[in-house]
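Visitor: Okay, so here is input32.txt, and as you'll see once you scroll down, it has compact mmCIF, C-alpha atoms.
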```txt
# COMPACT_ATOMS: atom_id res chain seq x y z
CA MET A 578 -8.74 15.48 -0.88
CA ASP A 579 -10.24 18.27 1.24
CA ILE A 580 -10.97 20.32 -1.87
CA ALA A 581 -12.52 17.31 -3.63
CA VAL A 582 -14.85 16.58 -0.69
CA ARG A 583 -15.96 20.21 -0.40
CA ALA A 584 -16.58 20.42 -4.16
CA HIS A 585 -18.67 17.24 -3.93
CA LEU A 586 -20.73 18.71 -1.07
CA ILE A 587 -21.79 21.68 -3.25
CA SER A 588 -22.64 19.31 -6.15
CA TRP A 589 -19.81 20.26 -8.48
CA LYS A 590 -19.26 17.88 -11.37
CA PHE A 591 -15.88 16.44 -12.29
CA VAL A 592 -14.55 15.77 -15.77
CA TYR A 593 -11.80 13.15 -16.11
CA LEU A 594 -9.35 13.86 -18.93
CA ASN A 595 -8.08 10.40 -19.74
CA ASP A 596 -5.83 11.65 -22.53
CA VAL A 597 -3.73 13.78 -20.15
CA LYS A 598 -0.63 11.87 -19.06
CA VAL A 599 1.47 12.81 -16.05
CA LEU A 600 4.80 11.34 -15.00
CA CYS A 601 4.63 9.28 -11.82
CA GLU A 602 7.03 7.25 -9.73
CA LEU A 603 6.50 4.30 -7.40
CA PRO A 604 8.25 4.36 -4.00
CA GLU A 605 11.58 2.59 -4.37
CA SER A 606 11.92 1.26 -0.81
CA TYR A 607 9.64 -0.16 1.84
CA GLU A 608 10.47 2.81 4.07
CA ALA A 609 9.22 5.27 1.42
CA TYR A 610 6.10 3.18 0.76
CA LYS A 611 5.41 2.94 4.50
CA LYS A 612 5.55 6.72 4.92
CA GLN A 613 3.31 7.16 1.87
CA GLN A 614 0.68 4.77 3.23
CA HIS A 615 0.83 6.48 6.64
CA ARG A 616 -0.10 9.79 4.97
CA TRP A 617 -2.81 8.19 2.89
CA HIS A 618 -4.55 6.73 5.96
CA SER A 619 -3.84 9.33 8.64
CA GLY A 620 -4.83 12.30 6.44
CA PRO A 621 -8.28 10.99 5.45
CA MET A 622 -9.15 10.20 9.09
CA GLN A 623 -8.22 13.76 10.11
CA LEU A 624 -10.29 15.07 7.20
CA PHE A 625 -13.22 12.83 8.15
CA ARG A 626 -13.19 14.18 11.71
CA LEU A 627 -13.16 17.78 10.45
CA CYS A 628 -15.64 17.39 7.58
CA LEU A 629 -18.28 15.13 9.17
CA PRO A 630 -20.47 18.05 10.42
CA ALA A 631 -20.31 19.68 6.96
CA ILE A 632 -21.27 16.37 5.29
CA LEU A 633 -24.29 15.90 7.57
CA LYS A 634 -25.46 19.50 7.02
CA SER A 635 -24.93 19.52 3.26
CA LYS A 636 -27.81 19.51 0.75
CA ILE A 637 -26.65 16.47 -1.24
CA SER A 638 -28.87 13.37 -1.25
CA LYS A 639 -28.90 10.87 1.61
CA TRP A 640 -27.42 8.22 -0.70
CA LYS A 641 -24.45 10.47 -1.52
CA LYS A 642 -23.95 11.23 2.17
CA ALA A 643 -24.00 7.52 3.03
CA ASN A 644 -21.61 6.74 0.17
CA LEU A 645 -19.21 9.46 1.29
CA ILE A 646 -19.28 8.51 4.98
CA PHE A 647 -19.40 4.71 4.87
CA LEU A 648 -17.68 3.78 1.59
CA PHE A 649 -15.29 6.65 0.90
CA PHE A 650 -14.09 7.15 4.49
CA LEU A 651 -15.07 4.43 6.96
CA LEU A 652 -14.83 1.24 4.86
CA ARG A 653 -11.61 1.98 3.00
CA LYS A 654 -9.70 3.91 5.66
CA LEU A 655 -10.98 2.55 8.99
CA ILE A 656 -12.86 -0.75 8.78
CA LEU A 657 -10.56 -2.66 6.38
CA PRO A 658 -7.27 -1.81 8.18
CA PHE A 659 -8.87 -2.58 11.56
CA TYR A 660 -10.32 -5.86 10.25
CA SER A 661 -7.04 -6.99 8.67
CA PHE A 662 -4.88 -6.09 11.66
CA THR A 663 -7.04 -7.47 14.46
CA LEU A 664 -8.18 -10.65 12.70
CA PHE A 665 -5.10 -11.81 10.80
CA CYS A 666 -2.33 -10.37 12.99
CA VAL A 667 -3.79 -10.82 16.48
CA ILE A 668 -6.92 -12.99 16.82
CA LEU A 669 -6.05 -15.80 14.38
CA PRO A 670 -2.52 -16.52 15.70
CA LEU A 671 -3.69 -16.30 19.32
CA THR A 672 -6.40 -18.92 18.73
CA MET A 673 -3.60 -21.44 18.05
CA PHE A 674 -2.57 -21.14 21.71
CA ILE A 675 -6.10 -21.48 23.14
CA PRO A 676 -7.47 -25.04 23.38
CA LYS A 677 -10.65 -25.70 21.35
CA ALA A 678 -10.67 -22.16 19.94
CA GLU A 679 -11.14 -22.11 16.18
CA LEU A 680 -12.20 -19.51 13.63
CA PRO A 681 -14.57 -20.60 10.82
CA ILE A 682 -13.02 -20.98 7.39
CA TRP A 683 -15.18 -18.26 5.83
CA VAL A 684 -13.64 -15.67 8.18
CA ILE A 685 -10.09 -16.68 7.26
CA CYS A 686 -10.52 -17.41 3.57
CA TYR A 687 -13.76 -16.33 1.90
CA VAL A 688 -14.13 -12.79 3.28
CA PRO A 689 -10.56 -11.56 2.54
CA VAL A 690 -10.46 -13.24 -0.87
CA THR A 691 -13.83 -11.69 -1.81
CA MET A 692 -12.68 -8.21 -0.74
CA SER A 693 -9.44 -8.63 -2.69
CA ILE A 694 -11.29 -9.75 -5.84
CA LEU A 695 -13.54 -6.68 -5.60
CA ASN A 696 -10.43 -4.48 -5.41
CA ILE A 697 -8.85 -6.22 -8.41
CA LEU A 698 -11.95 -6.18 -10.64
CA PRO A 699 -11.08 -2.81 -12.24
CA ALA A 700 -7.72 -4.32 -13.29
CA PRO A 701 -8.31 -7.97 -14.37
CA LYS A 702 -4.65 -8.41 -15.39
CA SER A 703 -3.74 -8.22 -11.70
CA PHE A 704 -5.66 -11.42 -10.88
CA PRO A 705 -2.52 -13.67 -10.85
CA PHE A 706 -1.16 -11.46 -8.06
CA LEU A 707 -4.22 -11.95 -5.83
CA MET A 708 -2.51 -14.01 -3.11
CA PRO A 709 0.71 -11.95 -2.92
CA TYR A 710 -1.48 -8.84 -2.84
CA LEU A 711 -3.55 -10.23 0.04
CA LEU A 712 -0.48 -11.23 2.06
CA PHE A 713 1.25 -7.90 1.49
CA GLU A 714 -1.88 -5.90 2.33
CA ASN A 715 -2.08 -7.77 5.63
CA THR A 716 1.52 -6.84 6.42
CA MET A 717 0.75 -3.20 5.59
CA SER A 718 -2.25 -3.29 7.93
CA VAL A 719 0.13 -2.58 10.85
CA THR A 720 1.15 0.74 9.30
CA LYS A 721 -2.38 1.57 8.16
CA PHE A 722 -3.93 0.75 11.53
CA ASN A 723 -1.37 2.89 13.35
CA ALA A 724 -1.95 5.77 10.91
CA MET A 725 -5.73 5.46 11.22
CA VAL A 726 -5.62 5.62 15.04
CA SER A 727 -3.16 8.54 15.08
CA GLY A 728 -5.24 10.48 12.54
CA GLN A 729 -8.55 9.88 14.29
CA PHE A 730 -7.31 10.75 17.79
CA GLN A 731 -4.71 13.37 16.77
CA LEU A 732 -1.74 11.49 18.20
CA GLY A 733 1.87 12.55 17.65
CA SER A 734 2.48 10.73 14.36
CA ALA A 735 -0.62 12.39 12.86
CA TYR A 736 1.41 15.59 12.48
CA GLU A 737 4.25 13.87 10.62
CA TRP A 738 3.82 14.76 6.97
CA VAL A 739 6.84 13.30 5.20
CA VAL A 740 6.41 13.54 1.43
CA THR A 741 7.61 10.52 -0.54
CA LYS A 742 11.04 11.32 -1.93
CA LYS A 743 11.18 11.28 -5.72
CA THR A 744 14.49 10.13 -7.17
CA GLY A 745 13.51 10.80 -10.78
CA ARG A 746 15.48 7.88 -12.09
CA SER A 747 14.68 5.47 -14.88
CA SER A 748 15.38 1.78 -15.15
CA GLU A 749 18.13 0.38 -17.37
CA SER A 750 15.52 -0.93 -19.81
CA ASP A 751 14.10 2.59 -20.17
CA LEU A 752 17.56 3.96 -20.93
CA LEU A 753 18.23 1.24 -23.51
CA ALA A 754 14.89 1.93 -25.20
CA PHE A 755 15.69 5.63 -25.20
CA ALA A 756 19.11 5.02 -26.78
CA GLU A 757 17.61 2.69 -29.38
CA TRP A 758 15.03 5.28 -30.32
CA GLU A 759 17.72 7.95 -30.65
CA SER A 760 19.88 5.73 -32.81
CA LYS A 761 17.18 4.55 -35.18
CA GLY A 762 18.23 5.07 -38.80
CA LEU A 763 21.76 6.28 -37.90
CA ASN A 764 25.07 4.51 -38.35
CA GLU A 765 27.33 3.69 -35.42
CA ASP A 766 29.53 6.80 -35.75
CA LYS A 767 26.54 9.14 -35.71
CA ILE A 768 25.08 7.31 -32.74
CA GLN A 769 28.06 8.24 -30.57
CA ARG A 770 27.80 11.90 -31.57
CA ARG A 771 24.06 12.24 -31.26
CA LEU A 772 23.33 10.61 -27.89
CA SER A 773 21.38 13.32 -26.11
CA ASP A 774 22.58 15.03 -22.97
CA SER A 775 19.37 14.04 -21.20
CA GLY A 776 20.01 10.35 -21.83
CA LEU A 777 23.56 10.60 -20.51
CA GLU A 778 22.30 12.54 -17.52
CA MET A 779 19.76 9.83 -16.76
CA LEU A 780 22.46 7.17 -17.02
CA GLY A 781 24.74 9.14 -14.70
CA LYS A 782 21.94 9.53 -12.18
CA LEU A 783 21.25 5.79 -12.31
CA LYS A 784 24.91 4.97 -11.54
CA GLU A 785 25.00 7.58 -8.80
CA GLN A 786 21.94 6.13 -7.09
CA GLU A 787 23.31 2.59 -7.32
CA ALA A 788 26.47 3.79 -5.54
CA LYS A 789 24.35 5.04 -2.62
CA LYS A 790 22.89 1.70 -1.65
CA LYS A 791 22.90 1.08 2.07
CA LYS A 792 22.25 -1.71 4.53
CA ASN A 793 18.75 -3.00 5.13
CA ARG A 794 16.67 -1.54 7.94
CA ILE A 795 15.13 -3.65 10.68
CA TYR A 796 11.42 -3.16 11.44
CA ARG A 797 10.76 -4.48 14.94
CA LYS A 798 6.95 -4.49 14.86
CA GLU A 799 6.87 -6.51 11.66
CA LEU A 800 9.51 -8.93 12.96
CA ALA A 801 7.62 -9.42 16.23
CA LEU A 802 4.46 -10.29 14.31
CA ALA A 803 6.47 -12.56 12.00
CA PHE A 804 7.72 -14.62 14.95
CA LEU A 805 4.22 -14.74 16.47
CA LEU A 806 2.70 -15.96 13.21
CA LEU A 807 5.44 -18.54 12.54
CA ILE A 808 5.17 -19.93 16.09
CA ALA A 809 1.38 -20.06 15.64
CA ALA A 810 1.92 -21.87 12.31
CA THR A 811 4.02 -24.48 14.10
CA ARG A 812 1.30 -24.93 16.72
CA SER A 813 -1.27 -25.21 13.95
CA LEU A 814 0.77 -27.91 12.20
CA LEU A 815 1.06 -29.93 15.40
CA SER A 816 -2.69 -29.67 16.03
CA ALA A 817 -3.57 -30.54 12.40
CA HIS A 818 -5.23 -27.26 11.38
CA GLY A 819 -4.69 -27.51 7.63
CA ILE A 820 -5.70 -24.20 6.09
CA HIS A 821 -4.72 -22.28 9.23
CA PHE A 822 -1.17 -23.63 8.98
CA TYR A 823 -0.67 -22.56 5.35
CA PHE A 824 -2.09 -19.10 5.92
CA LEU A 825 -0.07 -18.50 9.11
CA LEU A 826 3.10 -19.81 7.46
CA PHE A 827 2.91 -17.63 4.34
CA GLN A 828 1.70 -14.60 6.29
CA GLY A 829 4.53 -15.06 8.79
CA LEU A 830 7.07 -15.30 5.96
CA SER A 831 5.60 -12.11 4.44
CA PHE A 832 6.08 -10.25 7.72
CA LEU A 833 9.61 -11.66 7.98
CA VAL A 834 10.55 -10.42 4.50
CA VAL A 835 9.14 -6.97 5.26
CA GLY A 836 10.66 -6.86 8.74
CA LEU A 837 14.13 -7.57 7.32
CA ASP A 838 13.55 -4.97 4.55
CA LEU A 839 14.09 -7.47 1.75
CA ILE A 840 11.64 -5.84 -0.66
CA GLY A 841 12.19 -2.76 -2.79
CA GLU A 842 15.55 -1.08 -3.04
CA GLN A 843 17.64 0.19 -0.14
CA VAL A 844 18.44 3.63 -1.52
CA GLU A 845 19.30 6.70 0.54
```
Have the structure of the file written as structure tokens, please.
Guide:
Amino acid sequence: MDIAVRAHLISWKFVYLNDVKVLCELPESYEAYKKQQHRWHSGPMQLFRLCLPAILKSKISKWKKANLIFLFFLLRKLILPFYSFTLFCVILPLTMFIPKAELPIWVICYVPVTMSILNILPAPKSFPFLMPYLLFENTMSVTKFNAMVSGQFQLGSAYEWVVTKKTGRSSESDLLAFAEWESKGLNEDKIQRRLSDSGLEMLGKLKEQEAKKKKNRIYRKELALAFLLLIAATRSLLSAHGIHFYFLLFQGLSFLVVGLDLIGEQVE
């Protein structure tokens, strides 16, 4: 990211080779994903602090400077995590305990939905997952907010640089497709003789990883927010706040699921 920013500041042009394919792997557990997101939000804030003088002194246009500072750094890595955490995890549930305090519906509904739609526009097939995406992003705002603060103010966790562990394993469906491709046009006897060593190795690795499953972790911050949100949802139901109740209920359940580590796979 540092190299990309510096190249942009001296007006280098980038060429995207869309035909080049590289193997990638999604984090298997919430713990791995959490560490990945911490890097992705702490690192840019450290880079922003270090590169801001160079951005201001560079010879690129004012529009490019504004785009780099406000859209590339501040909006995505600072404003959105701060907005999500403070509004949905702190201010909204606390208003349920304060008499006559109420947030307008556009703050709770329209703004986050609009931002989510803008994020999903490049991938229209993701539209059915809009609400789960919004709820999960709000749960991740705790990690992102913590990473943003630690990166900006050089706190202890800013120096933790844990790379996401790659297990290099494939799903069972991938292995079956691989075996089917290998066996195409061969009879059953030849299939047994010609199964490749790589396929067997992948299958062995899959079984080995399944044997290493462990107990779920407990995430205290997420659980604390889950209880706060669910209690606030109960208060909202008793005081007849319709849309507030549904949002607080589903957001509280999302935090509960994450806090109990019920998503992803629990793999060592």
Visitor: Calculated over only C-alpha atoms, which of the candidates A:Leu624, A:Phe674, A:Leu815, A:Lys639 has the smallest distance to A:Leu651?
Guide: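 Using only C-alpha atoms, the shortest distance to A:Leu651 belongs to A:Leu624.
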Visitor: May I ask for the distance between atom CA of A:Gln623 and atom CA of A:Thr720, given in Å to one decimal place?
Guide: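 Atom CA of A:Thr720 lies 16.1 Å from atom CA of A:Gln623.
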Visitor: Let me have the centre and edge lengths in Å, one decimal, of the box along x, y and z around every listed atom of stretch 605-624 of chain A with 6 Å of margin on each side, as JSON.
Guide:
```
{"center_x": 0.8, "center_y": 7.5, "center_z": 2.9, "size_x": 34.2, "size_y": 27.2, "size_z": 26.5}
```
Visitor: Calculate how many Å separate atom CA of A:Leu825 from atom CA of A:Ile808, rounding to one decimal.
Guide: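 These two atoms are separated by 8.8 Å.
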Visitor: Report, in Å to a single decimal, how far apart atom CA of A:His618 and atom CA of A:Leu603 are.
Guide: 17.5 Å
Visitor: Out of A:Ala809, A:Ala609, A:Ala801, A:Leu629, which residue has the shortest atom-to-atom distance to A:Phe647 when counting all atoms listed in the file?
Guide: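 Using all atoms listed in the file, A:Phe647 sits closest to A:Leu629.
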Visitor: Pick the closest to A:Phe704 from A:Glu608, A:Val726, A:Val690, A:Lys654: which is it, counting all atoms listed in the file?
Guide: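 Smallest separation from A:Phe704 among the options: A:Val690.
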Visitor: So, with all atoms listed in the file as the atoms that count, which of A:Asn715, A:Ser606, A:Ser831, A:Ser619 lies closest to A:Phe662?
Guide: A:Asn715
Visitor: Need the shell around A:Ile587: protein/DNA/RNA residues with any atom at most 10 Å away, counting all atoms listed in the file. Skip same-chain ones fewer than 3 positions apart. Format as an MDAnalysis selection string?
Guide: chainID A and resid 582:584 590 635:637
